[in-house]
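Notes follow once the structure below has been shown.
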Amino acid sequence: MALLLQYTIIYASVLLLVALGGCFSERSGIINLGLEGIMVAGALGGALVMKFLPHLPSAGMVICVVLGSVVFGMIFSLLLAVAAINFNADQTLIGTAMNMLATAAATVFVKAMNMAEDPNNVASTIQYIEQKKAFTIVKIGGFEVNWFMVITIVLLIVANVVLYRTRLGLRLMACGEHPQAADSVGINVYKMRYIGVLISGFLGGLGGIVYITAGVSEWKFENGVAGFGFLALAVMIFGQWKPNLIALAAVLFGLFRALSNVYSGFDFLASLNIPATFYKMLPYIISLLVLALSSRKSRAPKAEGIPYDKGQR
Amino acid sequence: MNTKKEKKSILSNGAVQTLLASLFCIILGLFVGYIVLLIINPAGAGRAITSILKNFLYFPRPEVALEYFGSTLAKSAPLLMCTLSVLFAYKVGLFNIGASGQYAVGAGFALYFAIHFNAPWWLCLLLAMFGGAVLGAAAGALKAYLNVNEVIACIMLNWISLYAVNTVLTEVKESSTTYTLPLRTNNPKALIPHLGLQHLFAENRYVTIAIPLAVVFAILVWILLEKTKLGYELKATGLSVNAAKYAGMKEKKNIILTMAISGALAGLGAGFLYLSGIEQWSCAQTAVPNMGFNGIAAAFLGGIHPIGAIFSSFFIQHITSGGAYVDKMVYCAQISDLIAAIIIYFCGFVLFFKHCMNRRIQKAEEKRAKAAQQAASAAQKGGE
């Protein structure tokens with residue numbers, strides 16, 4: 001039970017972070033379908049820090065890993081920002097390209113790195129068994145409180161404050177609703193959209209490192225993050241682009257994702273004899289159902305996905 | 001005067017612009033890919049790019065090269081179907097990122113009926129189409145009736161269908177490996193016939209009528225989109241749902257129909273690959289088949305045109321197959337995926353390229369018009 005709770009919270013943290021990233025980007029008017037790729041980039045950044053600085057003290061480890069993943073995520077998100085904001089590119093296409101690009105680039109890079117160390121090692125895997133221990137704060141029974149959970153809660157509060165209580169957040173939302181009107185009162189739409197996308201890079205990258213350190217102590221980069229970025233987008237839509245609702249949705253989705261990890265530990269679930277693949281499908285099925293029920297009346301930011309054209313009214 | 005007119009028509013011609021933009025994307029993609037490889041490992045970056053571009057020409061003996069050319073073509077046919085699937089949906093304003101899932105379901109239907117029920121090849125192909133169409137229609141119905149974003153719905157369906165197909169095909173897999181039973185020994189009837197085509201490619205037994213069929217489908221898609229009433233209605237729905245509704249078209253039916261056709265094309269692609277016997281499905285796959293995503297690359301590289309798709313699909317498959325010949329001591333085969341991804345990224349800039357081209361042409365024309373006007377007025381003055 002403790003394990004289920006722990007996995008639920010950790011997966012909910014991942015989904016919450018990434019969905020908040022998507023929320024900031026879409027609120028500024030840019031659809032970010034590249035979240036999956038941003039997660040991979042962030043995961044790679046964090047994993048590289050753990051690989052090359054294995055002997056840091058635990059506080060330093062947490063800070064450096066977070067920094068590594070955040071920086072990678074933000075740099076990668078610039079690919080979207082430049083294409084969508086400056087060159088009016090199709091945001092769906094660019095997002096798709098970013099997802100493919102991140103997985104392919106991470107695979108090529110990690111494989112080359114592993115082969116340079118040991119010619120027989122052709123796997124795209126990075127290990128971090130010892131380094132990972134730095135993230136645990138305290139263990140209560142079977143439940144592990146982890147730094148990432150704390151960071152996630154802090155960031156949820158910060159996101160709420162920034163989005164609804166600061167000039168920046170209100171301006172950002174204006175650019176996603178009616179950029180021409182925002183421009184007419186002196187808001188720099190391009191700058192706001194850059195900020196929105198970069199925040200999504202920050203949160204998406206962080207979500208990536210939390211995801212690959214949840215439950216496992218090595219990651220095979222060939223697999224990417226298995227659609228988690230898109231699950232986060234489903235969470236965001238279900239949460240109606242509002243941080244607190246997103247948090248609730250993330251817990252729900254996190255529960256179903258956690259079930260696929262630990263269902264065999266529950267006697268009554270194991271006795272149902274449902275094949276393991278069903279539990280693997282479960283988060284995707286649930287998200288499809290939830291989207292089917294909630295999309296009808298969903299209220300997306302009005303100007304999302306439309307390149308900003310100054311001349312339009 | 002005559003030459004001037006021709007000049008204008010060449011550069012402002014849409015097809016020529018698309019071709020130029022696509023070539024520009026490829027060159028830029030290869031160049032950036034080269035730089036990335038240089039950063040990762042400077043030794044052998046140039047060689048890696050050339051072996052990707054050479055692909056089957058890697059073999060010095062012409063017969064062997066011809067045989068591998070046949071294999072590349074055999075794999076280009078399924079990719080072309082996925083490309084057509086993506087481009088058909090895109091023409092109707094839908095982004096079918098679910099081609100991979102529809103492809104997986106097509107493979108599931110084709111192989112299960114081929115091995116379990118000993119069905120003949122044409123029935124398997126039809127069933128593969130049917131499977132893909134059902135999955136596509138499901139995504140379309142979610143979009144039409146419940147306003148679910150088709151991209152996210154398709155991604156979810158991709159993963160669900162991958163796991164489902166893995167489970168179903170486990171029943172017909174070899175007992176010692178994770179691969180499905182080979183068709184050649186279990187049900188040769190299910191293999192797509194050659195009709196003598198293999199003689200053209202040094203007896204490569206994977207060269208089947210799937211290759212010409214795929215080209216025929218490309219032409220059919222072009223006719224459907226450009227020359228029929230249905231195609232016109234579908235495109236109109238893509239441009240504006242409300243306008244289509246106002247004009248009396250059944251916009252919900254059109255969206256579902258589009259996704260069903262799109263899914264059928266992707267499912268048929270899977271049939272073309274697995275029923276040629278060139279590959280067996282691995283029931284332990286943990287990633288959605290790449291073919292559908294490469295289809296997105298090829299669709300945009302081909303300028304969202306069915307005829308362009310024929311060439312772009314071949315090119316993308318050419319460099320993907322070329323990845324196998326990269327020096328394994330330095331890089332892995334995935335660098336071709338990397339380059340394909342970079343090319344798609346640049347395809348996002350195609351509109352911008354075209355815009356720049358058009359603006360330059362316009363400016364040049366304005367200048368010419370101005371010069372002509374000045375000359376005319378000067379002549380007038382001279383006349384006075």
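Residue names in the structure tokens use chain letters A, B, ... in the order shown, residue numbers from 1 in each chain, and ligand numbers from 1 in the order shown.
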Chain B contacts to chain A at 6 Å (only C-alpha atoms) as JSON, numbers by chain: {"B": [146, 147, 148, 156, 160, 331, 337, 338, 341, 344, 345, 348, 349]}
Contacts of B:Gly70 at 7 Å (only C-alpha atoms; same-chain gap of 2+ positions) as a list in words: Leu66, Glu67, Tyr68, Thr72, Leu73, Ala74, Phe201, Asn204 and Val207 of chain B
Output the selection as a tab-separated table (two decimals), in the first residue's frame - N, CA and C atoms for each residue.
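Output contents, as saved in selection21.tsv:
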chain	number	residue	atom	x	y	z
B	66	LEU	N	21.92	-4.12	-56.50
B	66	LEU	CA	20.57	-4.18	-57.06
B	66	LEU	C	19.63	-4.91	-56.12
B	67	GLU	N	20.14	-6.00	-55.53
B	67	GLU	CA	19.31	-6.78	-54.62
B	67	GLU	C	18.90	-5.92	-53.42
B	68	TYR	N	19.88	-5.19	-52.87
B	68	TYR	CA	19.55	-4.37	-51.71
B	68	TYR	C	18.71	-3.15	-52.08
B	72	THR	N	15.27	-2.03	-50.27
B	72	THR	CA	14.90	-0.67	-49.89
B	72	THR	C	13.54	-0.32	-50.47
B	73	LEU	N	13.33	-0.70	-51.74
B	73	LEU	CA	12.03	-0.43	-52.37
B	73	LEU	C	10.91	-1.17	-51.64
B	74	ALA	N	11.18	-2.43	-51.25
B	74	ALA	CA	10.16	-3.22	-50.57
B	74	ALA	C	9.75	-2.57	-49.27
B	201	PHE	N	15.32	-7.50	-59.81
B	201	PHE	CA	16.17	-7.09	-58.69
B	201	PHE	C	17.01	-8.26	-58.18
B	204	ASN	N	15.63	-10.88	-55.74
B	204	ASN	CA	15.29	-10.51	-54.37
B	204	ASN	C	13.84	-10.90	-54.10
B	207	VAL	N	10.81	-8.45	-53.20
B	207	VAL	CA	10.23	-7.52	-54.17
B	207	VAL	C	8.91	-8.10	-54.66
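Taking the backbone of this structure through DSSP, the residues of stretch 114-241 of chain A that come out as strand (DSSP E or B) are Thr125, Ile126, Gln127, Thr136, Ile137, Val138, Lys139, Ile140, Phe143, Glu144, Val145, Asn146, Glu218, Trp219 and Lys220 of chain A.
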Selection above as a file: C-alpha atoms, as a PDB file, in the first residue's frame:
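What ended up in part39.pdb:
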ATOM      1  CA  THR A 125      21.549   3.102 -20.921  1.00  0.00           C
ATOM      2  CA  ILE A 126      22.811   5.343 -18.131  1.00  0.00           C
ATOM      3  CA  GLN A 127      23.023   3.956 -14.589  1.00  0.00           C
ATOM      4  CA  THR A 136      15.547  10.611  -0.593  1.00  0.00           C
ATOM      5  CA  ILE A 137      14.819  12.856   2.394  1.00  0.00           C
ATOM      6  CA  VAL A 138      13.410  10.350   4.834  1.00  0.00           C
ATOM      7  CA  LYS A 139      11.860   6.894   4.827  1.00  0.00           C
ATOM      8  CA  ILE A 140       8.706   6.292   6.852  1.00  0.00           C
ATOM      9  CA  PHE A 143       7.149   5.210   2.043  1.00  0.00           C
ATOM     10  CA  GLU A 144      10.008   7.327   0.769  1.00  0.00           C
ATOM     11  CA  VAL A 145       9.722  11.086   0.894  1.00  0.00           C
ATOM     12  CA  ASN A 146      11.692  12.455  -1.968  1.00  0.00           C
ATOM     13  CA  GLU A 218      18.978   3.172 -14.889  1.00  0.00           C
ATOM     14  CA  TRP A 219      17.357   4.486 -18.043  1.00  0.00           C
ATOM     15  CA  LYS A 220      17.418   3.225 -21.606  1.00  0.00           C
TER      16      LYS A 220
END
Who sits within 10 Å of A:Met236, only C-alpha atoms, same chain under 6 positions skipped, as a PyMOL selection string: chain A and resi 15-16+18-23+26+230+242-243+245-247+249-250
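When only C-alpha atoms are used to measure the gap to B:Gly132, the shortest distance among B:Val105, B:Ile52, B:Val16, B:Leu28 belongs to B:Val105.
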Computed interatomic separation between atom CA of B:Lys363 and atom CA of B:Gly14 (Å):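 Computing the Euclidean distance for atom CA of B:Lys363 and atom CA of B:Gly14 yields 17.8 Å.
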Give one line per residue of stretch 85-137 of chain B that approaches stretch 287-310 of chain B to at most 10 Å, naming the two atoms of the closest pair and their distance in Å to one decimal, counting only C-alpha atoms; sort by chain then ascending residue number and deliver it as JSON lines.
{"residue": "B:Ser85", "atom": "CA", "partner": "B:Gly295", "partner_atom": "CA", "distance": 7.9}
{"residue": "B:Val86", "atom": "CA", "partner": "B:Ile296", "partner_atom": "CA", "distance": 6.0}
{"residue": "B:Leu87", "atom": "CA", "partner": "B:Ala299", "partner_atom": "CA", "distance": 5.5}
{"residue": "B:Phe88", "atom": "CA", "partner": "B:Ile304", "partner_atom": "CA", "distance": 8.3}
{"residue": "B:Tyr90", "atom": "CA", "partner": "B:Ile304", "partner_atom": "CA", "distance": 7.8}
{"residue": "B:Lys91", "atom": "CA", "partner": "B:Ile304", "partner_atom": "CA", "distance": 7.5}
{"residue": "B:Phe95", "atom": "CA", "partner": "B:Ile296", "partner_atom": "CA", "distance": 9.2}
{"residue": "B:Asn96", "atom": "CA", "partner": "B:Ile296", "partner_atom": "CA", "distance": 8.4}
{"residue": "B:Ile97", "atom": "CA", "partner": "B:Phe293", "partner_atom": "CA", "distance": 7.1}
{"residue": "B:Gly98", "atom": "CA", "partner": "B:Gly292", "partner_atom": "CA", "distance": 7.3}
{"residue": "B:Ala99", "atom": "CA", "partner": "B:Gly292", "partner_atom": "CA", "distance": 4.7}
{"residue": "B:Ser100", "atom": "CA", "partner": "B:Gly292", "partner_atom": "CA", "distance": 4.0}
{"residue": "B:Gly101", "atom": "CA", "partner": "B:Val288", "partner_atom": "CA", "distance": 7.0}
{"residue": "B:Gln102", "atom": "CA", "partner": "B:Gly292", "partner_atom": "CA", "distance": 8.5}
{"residue": "B:Tyr103", "atom": "CA", "partner": "B:Gly292", "partner_atom": "CA", "distance": 7.0}
{"residue": "B:Ala104", "atom": "CA", "partner": "B:Pro289", "partner_atom": "CA", "distance": 6.9}
Mind writing the picked residues with C-alpha atoms as a CSV table (one decimal), in the first residue's frame?
chain,number,residue,atom,x,y,z
B,85,SER,CA,-2.1,8.3,-44.6
B,86,VAL,CA,-0.6,11.3,-43.0
B,87,LEU,CA,-0.9,13.6,-46.0
B,88,PHE,CA,-4.5,12.6,-46.7
B,90,TYR,CA,-3.4,16.7,-43.3
B,91,LYS,CA,-5.1,17.8,-46.5
B,95,PHE,CA,-2.9,15.7,-38.0
B,96,ASN,CA,-2.8,11.9,-38.1
B,97,ILE,CA,0.0,11.1,-35.7
B,98,GLY,CA,-1.8,7.8,-35.1
B,99,ALA,CA,-0.5,6.3,-38.4
B,100,SER,CA,1.8,4.2,-36.2
B,101,GLY,CA,-1.0,2.7,-34.2
B,102,GLN,CA,-3.1,2.1,-37.3
B,103,TYR,CA,-0.1,0.5,-38.9
B,104,ALA,CA,0.4,-1.7,-35.8
Within 9 Å of A:Tyr279 using only C-alpha atoms, minus same-chain residues under 6 positions, as number ranges by chain: A: 256-257, 259-261, 263
Keeping N, CA and C atoms for every residue in the selection just given, could you write it to a file as a PDB file, in the first residue's frame?
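Listing of again05.pdb after writing:
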ATOM      1  N   PHE A 256      -3.377   5.580 -11.677  1.00  0.00           N
ATOM      2  CA  PHE A 256      -3.509   4.500 -12.650  1.00  0.00           C
ATOM      3  C   PHE A 256      -2.161   4.079 -13.214  1.00  0.00           C
ATOM      4  N   ARG A 257      -1.259   5.043 -13.334  1.00  0.00           N
ATOM      5  CA  ARG A 257       0.071   4.695 -13.816  1.00  0.00           C
ATOM      6  C   ARG A 257       0.790   3.848 -12.767  1.00  0.00           C
ATOM      7  N   LEU A 259      -0.545   1.887 -10.586  1.00  0.00           N
ATOM      8  CA  LEU A 259      -1.134   0.549 -10.528  1.00  0.00           C
ATOM      9  C   LEU A 259      -0.400  -0.427 -11.427  1.00  0.00           C
ATOM     10  N   SER A 260       0.030   0.038 -12.612  1.00  0.00           N
ATOM     11  CA  SER A 260       0.682  -0.885 -13.533  1.00  0.00           C
ATOM     12  C   SER A 260       2.035  -1.325 -12.973  1.00  0.00           C
ATOM     13  N   ASN A 261       2.626  -0.535 -12.071  1.00  0.00           N
ATOM     14  CA  ASN A 261       3.891  -0.947 -11.462  1.00  0.00           C
ATOM     15  C   ASN A 261       3.684  -1.953 -10.331  1.00  0.00           C
ATOM     16  N   TYR A 263       0.540  -3.568  -9.272  1.00  0.00           N
ATOM     17  CA  TYR A 263      -0.730  -4.287  -9.110  1.00  0.00           C
ATOM     18  C   TYR A 263      -0.525  -5.697  -8.562  1.00  0.00           C
TER      19      TYR A 263
END
Atom-to-atom span, atom CA of A:Ala258 and atom CA of B:Asn149, Å: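 Computing the Euclidean distance for atom CA of A:Ala258 and atom CA of B:Asn149 yields 25.3 Å.
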Residues of stretch 14-240 of chain B in alpha helix (DSSP H), written as number ranges by chain: B: 14-40, 45-54, 62-91, 99-116, 121-146, 150-169, 183-186, 210-227, 229-239
Extract, using only C-alpha atoms, all DNA, RNA and protein residues at most 12 Å from A:Lys191, discarding same-chain residues fewer than 6 positions from it, and format them as a tab-separated table (two decimals) with N, CA and C atoms, in the first residue's frame.
chain	number	residue	atom	x	y	z
A	28	SER	N	0.20	31.15	-23.01
A	28	SER	CA	0.82	32.25	-23.76
A	28	SER	C	0.48	32.15	-25.24
A	29	GLY	N	-0.18	31.05	-25.65
A	29	GLY	CA	-0.64	30.94	-27.03
A	29	GLY	C	0.12	29.96	-27.90
A	81	ALA	N	10.29	27.56	-29.54
A	81	ALA	CA	10.07	29.00	-29.45
A	81	ALA	C	10.49	29.69	-30.74
A	82	VAL	N	11.70	29.38	-31.21
A	82	VAL	CA	12.20	30.06	-32.40
A	82	VAL	C	11.30	29.76	-33.60
A	85	ILE	N	7.45	31.11	-32.82
A	85	ILE	CA	7.23	32.54	-32.56
A	85	ILE	C	7.84	33.39	-33.67
A	86	ASN	N	9.08	33.08	-34.06
A	86	ASN	CA	9.73	33.93	-35.05
A	86	ASN	C	9.42	33.53	-36.49
A	168	LEU	N	3.32	39.52	-14.72
A	168	LEU	CA	3.80	38.62	-15.76
A	168	LEU	C	2.73	37.59	-16.14
A	171	ARG	N	-0.29	39.09	-17.94
A	171	ARG	CA	0.06	39.47	-19.32
A	171	ARG	C	0.19	38.26	-20.20
A	172	LEU	N	0.82	37.19	-19.63
A	172	LEU	CA	1.00	35.95	-20.37
A	172	LEU	C	-0.35	35.40	-20.82
A	175	CYS	N	-1.89	37.21	-23.72
A	175	CYS	CA	-1.32	36.88	-25.03
A	175	CYS	C	-1.90	35.59	-25.59
A	179	PRO	N	-3.91	38.20	-28.50
A	179	PRO	CA	-2.59	38.83	-28.56
A	179	PRO	C	-2.62	40.25	-29.14
A	182	ALA	N	-3.57	42.55	-26.47
A	182	ALA	CA	-2.47	42.68	-25.52
A	182	ALA	C	-1.41	43.62	-26.07
A	183	ASP	N	-1.12	43.46	-27.37
A	183	ASP	CA	-0.11	44.30	-28.01
A	183	ASP	C	-0.53	45.77	-27.99
A	197	VAL	N	7.05	29.55	-23.33
A	197	VAL	CA	7.67	28.33	-23.83
A	197	VAL	C	8.86	27.95	-22.95
A	198	LEU	N	9.64	28.94	-22.52
A	198	LEU	CA	10.81	28.62	-21.69
A	198	LEU	C	10.37	28.05	-20.34
A	308	TYR	N	1.23	34.62	-34.17
A	308	TYR	CA	0.82	36.00	-33.96
A	308	TYR	C	1.10	36.84	-35.20
Nearest residue to B:Pro120 from the set B:Ser71, B:Ser240, B:Asn187, B:Thr228 (distances using only C-alpha atoms): B:Asn187
Residue neighbourhood stretch 171-183 of chain B, 10 Å, only C-alpha atoms, exclusion window fewer than 5 positions, as JSON, numbers by chain: {"B": [111, 112, 113, 114, 115, 116, 118, 166, 188, 189, 190, 191, 274, 275, 276, 277, 278, 279, 280, 281, 282, 283, 284, 285]}
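Rounded to one decimal, atom CA of B:Leu53 and atom CA of B:Ala214 lie 23.3 Å from each other.
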B:Leu79 surroundings by only C-alpha atoms, 9 Å radius, close-in-sequence under 3 positions cut, as a PyMOL selection string: chain B and resi 75-76+82-84+266+269-270+273+291-292+294-295+298+313-314+316-317
